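Asks: Here you go, one structure.
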Amino acid sequence: TVIVAAGTHRADPPEIIREMLGDEVLRRCRVHIHDCRSRDDQVGLGTVSPPGDAGDIPVFLDRRWVEADLRLSTGLVEPHLFAGFSGGPKLVSPGLASLETVLALHNGRRVGHPHATWGILEGNPAHDAIRAVAETCPPHFTLEVVLDSAKRVTHVFAGTPWSAHKAACAVAERTTMRPVDRRFPLVITTSGGYPLDQNLYQAVKGVSAAERIVTDGGTIILAAECRYGLPDPAMYTGLLRPDEDIRLANARILATDEVLPDQWQVQVQARIQARARVLVKASGLTREELAIARLEPVDDIAAFVRAARAADPTLPIAVLPHGPYCVPYHAGGAT
């Protein structure tokens with residue numbers, strides 16, 4: 001049985017499953033897409049208390065995973081905007097966790113902690129919580145890969161968790177994170193192309209990468225396709241109060257223990273927009289949808305740059321063509 005660790009995300013359509021696995025695997029294996037909202041599919045494993053003061057986490061994991069005789073995980077390791085790196089324990093938690101568990105993992109205090117950011121594992125409360133849940137039912141064997149900019153596998157690490165993941169993270173940090181010696185008033189970024197820019201929820205990762213080197217009061221421009229839209233307008237209308245300035249949403253989320261689905265994406269977006277203006281060029285999003293998400297459209301990035309350079313011929317501009325696949329950081333400090 002192949003389990004797709006979908007977390008809280010929508011189930012991929014059959015054509016995407018075929019693209020990921022190939023016809024031979026589909027002929028030989030059953031495929032189960034994890035559904036975090038199906039309590040009948042979950043097994044309760046008690047409660048964990050990760051380090052820090054962000055609260056305990058009730059653990060419910062996919063029954064097929066828990067009851068398997070042999071559990072194998074495969075993961076792509078790359079920097080992650082608040083878990084430090086992807087892959088490893090994230091395949092189990094939140095990948096195979098119930099909605100209740102995922103919400104507790106992503107509460108405002110964990111996601112809002114200054115160490116919950118790109119490339120940090122030690123002392124990261126989000127990573128600590130993810131790993132604590134995963135250790136209640138870990139894989140027996142894990143295989144982790146690192147990719148290059150053409151999405152070719154460059155490194156493979158296999159073994160017991162979490163040693164393979166740690167080794168892969170060291171390579172990912174060396175190959176996909178870059179220091180810069182200054183911040184920039186204008187940063188142009190992407191979300192690394194398909195499939196990561198399939199919707200705005202994912203595309204915000206590219207904006208988060210740009211946040212690390214933009215000046216206070218600067219501008220970030222995101223270019224992302226977003227073929228599947230927001231993907232859920234209710235995510236924004238349910239999390240943002242009518243006419244609320246999104247820059248105030250982060251403080252409101254931090255002030256409560258209530259956690260709503262996907263609030264972590266809005267929390268990160270709100271934190272960024274408290275520091276910088278964010279414009280979006282996305283063929284899959286209408287102006288109305290961008291307005292729901294409290295973002296500004298930009299029709300022509302080149303024209304915007306020409307106008308900015310006309311106003312200031314010496315304006316320094318940073319361009320992140322790979323978005324979150326090559327994360328910059330200011331050499332003067334971790335943030």
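Each chain of the structure tokens is named A, B, ... in the order shown, its residues numbered from 1; ligands are numbered from 1 in display order.
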Could you name the residues that touch Cys36 in chain A at 12 Å or less, counting only C-alpha atoms, but leaving out those on the same chain fewer than 4 positions away, as a PDB file with C-alpha atoms, in the first residue's frame?
Replies:
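Result saved to out25.pdb:
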```pdb
ATOM      1  CA  VAL A   4      -0.039   9.742   0.008  1.00  0.00           C
ATOM      2  CA  ALA A   5       0.767  11.931   3.031  1.00  0.00           C
ATOM      3  CA  ALA A   6      -1.627  14.730   2.097  1.00  0.00           C
ATOM      4  CA  GLY A   7      -1.812  16.404   5.502  1.00  0.00           C
ATOM      5  CA  THR A   8      -4.697  18.878   5.348  1.00  0.00           C
ATOM      6  CA  HIS A   9      -4.345  19.468   1.607  1.00  0.00           C
ATOM      7  CA  ARG A  10      -6.884  18.463  -1.003  1.00  0.00           C
ATOM      8  CA  ALA A  11      -6.733  14.967  -2.464  1.00  0.00           C
ATOM      9  CA  ASP A  40     -12.617   6.404  11.286  1.00  0.00           C
ATOM     10  CA  ASP A  41      -9.311   6.271   9.412  1.00  0.00           C
ATOM     11  CA  GLN A  42      -7.303   7.485  12.437  1.00  0.00           C
ATOM     12  CA  VAL A  43      -5.833   5.735  15.476  1.00  0.00           C
ATOM     13  CA  VAL A  59      -1.968  12.363  18.476  1.00  0.00           C
ATOM     14  CA  PHE A  60      -4.178  10.685  15.867  1.00  0.00           C
ATOM     15  CA  LEU A  61      -2.454   9.062  12.868  1.00  0.00           C
ATOM     16  CA  ASP A  62      -3.601   7.219   9.762  1.00  0.00           C
ATOM     17  CA  ARG A  63      -4.742   3.693  10.657  1.00  0.00           C
ATOM     18  CA  VAL A  92       4.207  11.345   9.409  1.00  0.00           C
ATOM     19  CA  SER A  93       3.246  14.603  11.055  1.00  0.00           C
ATOM     20  CA  PRO A  94       1.423  16.492   9.615  1.00  0.00           C
ATOM     21  CA  GLY A  95       1.418  14.253   6.524  1.00  0.00           C
ATOM     22  CA  LEU A  96      -0.522  11.348   8.090  1.00  0.00           C
ATOM     23  CA  ALA A  97      -2.074  13.147  11.076  1.00  0.00           C
ATOM     24  CA  SER A  98      -5.675  14.027  11.885  1.00  0.00           C
ATOM     25  CA  LEU A  99      -6.942  17.581  11.551  1.00  0.00           C
ATOM     26  CA  GLU A 100      -7.025  17.880  15.363  1.00  0.00           C
ATOM     27  CA  THR A 101      -3.346  16.957  15.555  1.00  0.00           C
ATOM     28  CA  VAL A 102      -2.366  19.248  12.683  1.00  0.00           C
ATOM     29  CA  LEU A 103      -4.111  22.238  14.218  1.00  0.00           C
ATOM     30  CA  PRO A 261      -7.369  25.338   9.356  1.00  0.00           C
TER      31      PRO A 261
END
```
Asks: When DSSP is applied to the backbone of this structure, which of range 73-201 of chain A are assigned helix (DSSP H, G or I)? Write them out as a VMD selection string.
Replies: chain A and resid 88 to 91 99 to 105 108 to 111 125 to 134 163 to 176 200 to 201
Asks: Just write the chosen residues, C-alpha atoms, as a short mmCIF file (atom, residue, chain, number, x, y, z; two decimals), in the first residue's frame.
Replies:
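To be explicit, this is the file written out as out_5.cif:
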```cif
data_model
loop_
_atom_site.label_atom_id
_atom_site.label_comp_id
_atom_site.auth_asym_id
_atom_site.auth_seq_id
_atom_site.Cartn_x
_atom_site.Cartn_y
_atom_site.Cartn_z
CA GLY A 88 11.76 13.41 7.60
CA PRO A 89 9.18 13.57 10.40
CA LYS A 90 6.87 15.77 8.31
CA LEU A 91 5.89 12.71 6.29
CA LEU A 99 -6.94 17.58 11.55
CA GLU A 100 -7.03 17.88 15.36
CA THR A 101 -3.35 16.96 15.55
CA VAL A 102 -2.37 19.25 12.68
CA LEU A 103 -4.11 22.24 14.22
CA ALA A 104 -2.31 21.73 17.53
CA LEU A 105 1.01 21.42 15.66
CA GLY A 108 0.11 30.59 16.62
CA ARG A 109 2.84 30.39 19.25
CA ARG A 110 4.73 27.64 17.42
CA VAL A 111 4.49 29.17 13.95
CA PRO A 125 9.23 24.66 18.37
CA ALA A 126 7.41 23.79 15.15
CA HIS A 127 10.01 21.13 14.28
CA ASP A 128 10.10 19.87 17.87
CA ALA A 129 6.33 19.36 17.81
CA ILE A 130 6.38 17.67 14.40
CA ARG A 131 9.07 15.25 15.52
CA ALA A 132 7.40 14.50 18.87
CA VAL A 133 4.23 13.40 17.09
CA ALA A 134 6.12 11.41 14.43
CA SER A 163 19.71 10.16 10.85
CA ALA A 164 18.99 10.11 7.11
CA HIS A 165 16.93 13.28 7.43
CA LYS A 166 19.63 15.07 9.40
CA ALA A 167 22.24 14.19 6.77
CA ALA A 168 19.95 15.35 3.96
CA CYS A 169 19.25 18.63 5.78
CA ALA A 170 22.98 19.36 5.98
CA VAL A 171 23.28 19.00 2.20
CA ALA A 172 20.10 21.01 1.56
CA GLU A 173 21.38 23.83 3.75
CA ARG A 174 24.68 23.91 1.87
CA THR A 175 23.15 23.74 -1.61
CA THR A 176 19.85 25.63 -1.32
CA LEU A 200 -1.62 30.88 -3.49
CA TYR A 201 -1.37 28.83 -0.28
#
```
Asks: Which residues, written as a list in words, have at least one atom at most 7 Å from range 280-293 of chain A, with only C-alpha atoms counted and residues fewer than 3 positions away on the same chain left out?
Replies: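 So the residues in contact are Ile221, Leu222, Ala223, Ala224, Glu225, Cys226, Arg227, Tyr228, Gly229, Tyr236, Glu296, Pro297, Val298 and Asp299 of chain A.
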Asks: Using C-alpha atoms, can you write the selected residues to a file as a short mmCIF file (atom, residue, chain, number, x, y, z; two decimals), in the first residue's frame?
Replies:
```cif
data_model
loop_
_atom_site.label_atom_id
_atom_site.label_comp_id
_atom_site.auth_asym_id
_atom_site.auth_seq_id
_atom_site.Cartn_x
_atom_site.Cartn_y
_atom_site.Cartn_z
CA ILE A 221 6.79 41.05 -6.22
CA LEU A 222 5.68 37.43 -6.60
CA ALA A 223 5.36 35.73 -9.98
CA ALA A 224 3.39 32.46 -9.68
CA GLU A 225 0.87 30.68 -11.89
CA CYS A 226 -1.65 29.63 -9.20
CA ARG A 227 -3.62 27.48 -11.64
CA TYR A 228 -5.81 26.20 -8.77
CA GLY A 229 -6.54 29.65 -7.41
CA TYR A 236 -9.29 34.12 4.03
CA GLU A 296 -2.12 43.79 -4.78
CA PRO A 297 -2.09 42.75 -8.45
CA VAL A 298 0.70 43.78 -10.80
CA ASP A 299 0.04 43.40 -14.52
#
```
Asks: Suppose you want the space between CA of Ile301 in chain A and CA of Asp232 in chain A; what is it in Å?
Replies: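 Taking CA of Ile301 in chain A as the start and CA of Asp232 in chain A as the end point, the length is 25.8 Å.
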Asks: Any chance you could list, as a PDB file with N, CA, C and O atoms, in the first residue's frame, the residues in range 106-278 of chain A that come up strand (DSSP E or B) when DSSP is run on the backbone?
Replies:
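Writing done, so here's result-v3.pdb:
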```
ATOM      1  N   PHE A 141      12.155   2.565   8.238  1.00  0.00           N
ATOM      2  CA  PHE A 141      13.225   2.862   7.272  1.00  0.00           C
ATOM      3  C   PHE A 141      12.779   4.080   6.487  1.00  0.00           C
ATOM      4  O   PHE A 141      11.604   4.218   6.120  1.00  0.00           O
ATOM      5  N   THR A 142      13.710   4.986   6.221  1.00  0.00           N
ATOM      6  CA  THR A 142      13.356   6.195   5.486  1.00  0.00           C
ATOM      7  C   THR A 142      14.350   6.451   4.368  1.00  0.00           C
ATOM      8  O   THR A 142      15.536   6.098   4.475  1.00  0.00           O
ATOM      9  N   LEU A 143      13.866   7.036   3.294  1.00  0.00           N
ATOM     10  CA  LEU A 143      14.704   7.414   2.162  1.00  0.00           C
ATOM     11  C   LEU A 143      14.428   8.879   1.857  1.00  0.00           C
ATOM     12  O   LEU A 143      13.277   9.262   1.645  1.00  0.00           O
ATOM     13  N   GLU A 144      15.476   9.691   1.883  1.00  0.00           N
ATOM     14  CA  GLU A 144      15.347  11.131   1.672  1.00  0.00           C
ATOM     15  C   GLU A 144      16.176  11.550   0.464  1.00  0.00           C
ATOM     16  O   GLU A 144      17.280  11.032   0.263  1.00  0.00           O
ATOM     17  N   VAL A 145      15.645  12.486  -0.324  1.00  0.00           N
ATOM     18  CA  VAL A 145      16.381  12.958  -1.491  1.00  0.00           C
ATOM     19  C   VAL A 145      16.503  14.479  -1.461  1.00  0.00           C
ATOM     20  O   VAL A 145      15.698  15.181  -0.853  1.00  0.00           O
ATOM     21  N   VAL A 146      17.541  14.979  -2.129  1.00  0.00           N
ATOM     22  CA  VAL A 146      17.752  16.399  -2.364  1.00  0.00           C
ATOM     23  C   VAL A 146      17.799  16.600  -3.867  1.00  0.00           C
ATOM     24  O   VAL A 146      18.400  15.787  -4.596  1.00  0.00           O
ATOM     25  N   LEU A 147      17.172  17.673  -4.363  1.00  0.00           N
ATOM     26  CA  LEU A 147      17.097  17.929  -5.803  1.00  0.00           C
ATOM     27  C   LEU A 147      17.916  19.153  -6.189  1.00  0.00           C
ATOM     28  O   LEU A 147      18.240  19.999  -5.352  1.00  0.00           O
ATOM     29  N   VAL A 153      17.442  14.400  -8.976  1.00  0.00           N
ATOM     30  CA  VAL A 153      17.954  13.928  -7.698  1.00  0.00           C
ATOM     31  C   VAL A 153      19.475  14.051  -7.682  1.00  0.00           C
ATOM     32  O   VAL A 153      20.163  13.538  -8.575  1.00  0.00           O
ATOM     33  N   THR A 154      19.997  14.738  -6.685  1.00  0.00           N
ATOM     34  CA  THR A 154      21.450  14.912  -6.565  1.00  0.00           C
ATOM     35  C   THR A 154      22.038  14.114  -5.406  1.00  0.00           C
ATOM     36  O   THR A 154      23.199  13.740  -5.435  1.00  0.00           O
ATOM     37  N   HIS A 155      21.243  13.894  -4.367  1.00  0.00           N
ATOM     38  CA  HIS A 155      21.708  13.166  -3.183  1.00  0.00           C
ATOM     39  C   HIS A 155      20.586  12.271  -2.673  1.00  0.00           C
ATOM     40  O   HIS A 155      19.419  12.658  -2.699  1.00  0.00           O
ATOM     41  N   VAL A 156      20.964  11.092  -2.208  1.00  0.00           N
ATOM     42  CA  VAL A 156      20.007  10.151  -1.622  1.00  0.00           C
ATOM     43  C   VAL A 156      20.556   9.689  -0.276  1.00  0.00           C
ATOM     44  O   VAL A 156      21.725   9.304  -0.174  1.00  0.00           O
ATOM     45  N   PHE A 157      19.727   9.741   0.743  1.00  0.00           N
ATOM     46  CA  PHE A 157      20.114   9.292   2.080  1.00  0.00           C
ATOM     47  C   PHE A 157      19.083   8.271   2.560  1.00  0.00           C
ATOM     48  O   PHE A 157      17.881   8.521   2.478  1.00  0.00           O
ATOM     49  N   ALA A 158      19.540   7.157   3.055  1.00  0.00           N
ATOM     50  CA  ALA A 158      18.631   6.107   3.501  1.00  0.00           C
ATOM     51  C   ALA A 158      19.107   5.539   4.822  1.00  0.00           C
ATOM     52  O   ALA A 158      20.319   5.479   5.091  1.00  0.00           O
ATOM     53  N   GLY A 159      18.171   5.134   5.652  1.00  0.00           N
ATOM     54  CA  GLY A 159      18.530   4.534   6.927  1.00  0.00           C
ATOM     55  C   GLY A 159      17.432   4.689   7.946  1.00  0.00           C
ATOM     56  O   GLY A 159      16.254   4.794   7.595  1.00  0.00           O
ATOM     57  N   MET A 177      20.644  27.258   0.347  1.00  0.00           N
ATOM     58  CA  MET A 177      20.555  28.490   1.115  1.00  0.00           C
ATOM     59  C   MET A 177      21.798  29.325   0.834  1.00  0.00           C
ATOM     60  O   MET A 177      22.906  28.792   0.772  1.00  0.00           O
ATOM     61  N   ARG A 178      21.596  30.631   0.641  1.00  0.00           N
ATOM     62  CA  ARG A 178      22.693  31.499   0.243  1.00  0.00           C
ATOM     63  C   ARG A 178      22.718  32.784   1.069  1.00  0.00           C
ATOM     64  O   ARG A 178      21.688  33.449   1.213  1.00  0.00           O
ATOM     65  N   PRO A 179      23.893  33.167   1.591  1.00  0.00           N
ATOM     66  CA  PRO A 179      23.992  34.432   2.321  1.00  0.00           C
ATOM     67  C   PRO A 179      24.088  35.613   1.361  1.00  0.00           C
ATOM     68  O   PRO A 179      24.663  35.500   0.273  1.00  0.00           O
ATOM     69  N   VAL A 180      23.520  36.733   1.742  1.00  0.00           N
ATOM     70  CA  VAL A 180      23.715  37.992   1.023  1.00  0.00           C
ATOM     71  C   VAL A 180      24.164  39.026   2.049  1.00  0.00           C
ATOM     72  O   VAL A 180      23.878  38.897   3.242  1.00  0.00           O
ATOM     73  N   PHE A 184      17.348  44.496   0.463  1.00  0.00           N
ATOM     74  CA  PHE A 184      16.993  45.163  -0.782  1.00  0.00           C
ATOM     75  C   PHE A 184      15.612  45.803  -0.684  1.00  0.00           C
ATOM     76  O   PHE A 184      14.685  45.197  -0.148  1.00  0.00           O
ATOM     77  N   PRO A 185      15.457  47.004  -1.233  1.00  0.00           N
ATOM     78  CA  PRO A 185      14.145  47.650  -1.217  1.00  0.00           C
ATOM     79  C   PRO A 185      13.141  47.017  -2.171  1.00  0.00           C
ATOM     80  O   PRO A 185      11.933  47.208  -2.023  1.00  0.00           O
ATOM     81  N   LEU A 186      13.648  46.268  -3.166  1.00  0.00           N
ATOM     82  CA  LEU A 186      12.757  45.575  -4.108  1.00  0.00           C
ATOM     83  C   LEU A 186      13.283  44.162  -4.320  1.00  0.00           C
ATOM     84  O   LEU A 186      14.438  43.977  -4.706  1.00  0.00           O
ATOM     85  N   VAL A 187      12.431  43.179  -4.044  1.00  0.00           N
ATOM     86  CA  VAL A 187      12.789  41.776  -4.241  1.00  0.00           C
ATOM     87  C   VAL A 187      11.733  41.138  -5.135  1.00  0.00           C
ATOM     88  O   VAL A 187      10.535  41.193  -4.835  1.00  0.00           O
ATOM     89  N   ILE A 188      12.183  40.539  -6.227  1.00  0.00           N
ATOM     90  CA  ILE A 188      11.282  39.840  -7.152  1.00  0.00           C
ATOM     91  C   ILE A 188      11.497  38.343  -6.958  1.00  0.00           C
ATOM     92  O   ILE A 188      12.630  37.857  -7.014  1.00  0.00           O
ATOM     93  N   THR A 189      10.420  37.618  -6.717  1.00  0.00           N
ATOM     94  CA  THR A 189      10.541  36.206  -6.377  1.00  0.00           C
ATOM     95  C   THR A 189       9.531  35.369  -7.148  1.00  0.00           C
ATOM     96  O   THR A 189       8.619  35.906  -7.785  1.00  0.00           O
ATOM     97  N   THR A 190       9.698  34.062  -7.101  1.00  0.00           N
ATOM     98  CA  THR A 190       8.750  33.117  -7.669  1.00  0.00           C
ATOM     99  C   THR A 190       8.451  32.072  -6.593  1.00  0.00           C
ATOM    100  O   THR A 190       8.942  32.152  -5.477  1.00  0.00           O
ATOM    101  N   VAL A 214      14.349  41.550   2.301  1.00  0.00           N
ATOM    102  CA  VAL A 214      13.730  42.819   1.918  1.00  0.00           C
ATOM    103  C   VAL A 214      13.900  43.816   3.059  1.00  0.00           C
ATOM    104  O   VAL A 214      13.922  43.450   4.235  1.00  0.00           O
ATOM    105  N   THR A 215      14.052  45.091   2.723  1.00  0.00           N
ATOM    106  CA  THR A 215      14.152  46.125   3.745  1.00  0.00           C
ATOM    107  C   THR A 215      12.784  46.391   4.357  1.00  0.00           C
ATOM    108  O   THR A 215      11.744  46.128   3.736  1.00  0.00           O
ATOM    109  N   ASP A 216      12.767  46.902   5.569  1.00  0.00           N
ATOM    110  CA  ASP A 216      11.506  47.336   6.158  1.00  0.00           C
ATOM    111  C   ASP A 216      10.904  48.422   5.275  1.00  0.00           C
ATOM    112  O   ASP A 216      11.588  49.390   4.899  1.00  0.00           O
ATOM    113  N   GLY A 217       9.641  48.257   4.928  1.00  0.00           N
ATOM    114  CA  GLY A 217       8.995  49.206   4.046  1.00  0.00           C
ATOM    115  C   GLY A 217       9.274  48.977   2.575  1.00  0.00           C
ATOM    116  O   GLY A 217       8.836  49.777   1.734  1.00  0.00           O
ATOM    117  N   GLY A 218       9.987  47.890   2.245  1.00  0.00           N
ATOM    118  CA  GLY A 218      10.296  47.581   0.849  1.00  0.00           C
ATOM    119  C   GLY A 218       9.130  46.911   0.134  1.00  0.00           C
ATOM    120  O   GLY A 218       8.013  46.823   0.647  1.00  0.00           O
ATOM    121  N   THR A 219       9.416  46.427  -1.070  1.00  0.00           N
ATOM    122  CA  THR A 219       8.390  45.812  -1.916  1.00  0.00           C
ATOM    123  C   THR A 219       8.832  44.429  -2.365  1.00  0.00           C
ATOM    124  O   THR A 219       9.985  44.245  -2.770  1.00  0.00           O
ATOM    125  N   ILE A 220       7.911  43.482  -2.297  1.00  0.00           N
ATOM    126  CA  ILE A 220       8.126  42.128  -2.822  1.00  0.00           C
ATOM    127  C   ILE A 220       7.144  41.919  -3.961  1.00  0.00           C
ATOM    128  O   ILE A 220       5.950  42.194  -3.829  1.00  0.00           O
ATOM    129  N   ILE A 221       7.658  41.420  -5.090  1.00  0.00           N
ATOM    130  CA  ILE A 221       6.794  41.046  -6.217  1.00  0.00           C
ATOM    131  C   ILE A 221       6.890  39.539  -6.401  1.00  0.00           C
ATOM    132  O   ILE A 221       7.984  38.992  -6.552  1.00  0.00           O
ATOM    133  N   LEU A 222       5.747  38.871  -6.394  1.00  0.00           N
ATOM    134  CA  LEU A 222       5.676  37.425  -6.596  1.00  0.00           C
ATOM    135  C   LEU A 222       5.132  37.113  -7.977  1.00  0.00           C
ATOM    136  O   LEU A 222       4.080  37.625  -8.369  1.00  0.00           O
ATOM    137  N   ALA A 223       5.860  36.259  -8.718  1.00  0.00           N
ATOM    138  CA  ALA A 223       5.357  35.730  -9.985  1.00  0.00           C
ATOM    139  C   ALA A 223       5.065  34.248  -9.788  1.00  0.00           C
ATOM    140  O   ALA A 223       5.975  33.460  -9.504  1.00  0.00           O
ATOM    141  N   ARG A 277       5.427  45.741   1.284  1.00  0.00           N
ATOM    142  CA  ARG A 277       4.330  45.708   0.320  1.00  0.00           C
ATOM    143  C   ARG A 277       4.496  44.461  -0.540  1.00  0.00           C
ATOM    144  O   ARG A 277       5.612  44.130  -0.960  1.00  0.00           O
ATOM    145  N   VAL A 278       3.388  43.758  -0.823  1.00  0.00           N
ATOM    146  CA  VAL A 278       3.460  42.531  -1.620  1.00  0.00           C
ATOM    147  C   VAL A 278       2.541  42.654  -2.828  1.00  0.00           C
ATOM    148  O   VAL A 278       1.331  42.868  -2.690  1.00  0.00           O
TER     149      VAL A 278
END
```
Asks: So the first atom is CA of Gly193 in chain A and the second is CA of Val77 in chain A; what is the distance between them in Å, to one decimal place?
Replies: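 Atom-to-atom, CA of Gly193 in chain A to CA of Val77 in chain A, that is 17.1 Å.
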Asks: Go ahead and compute the interatomic distance for CA of Ala209 in chain A and CA of His330 in chain A, in Å to one decimal.
Replies: 11.2 Å
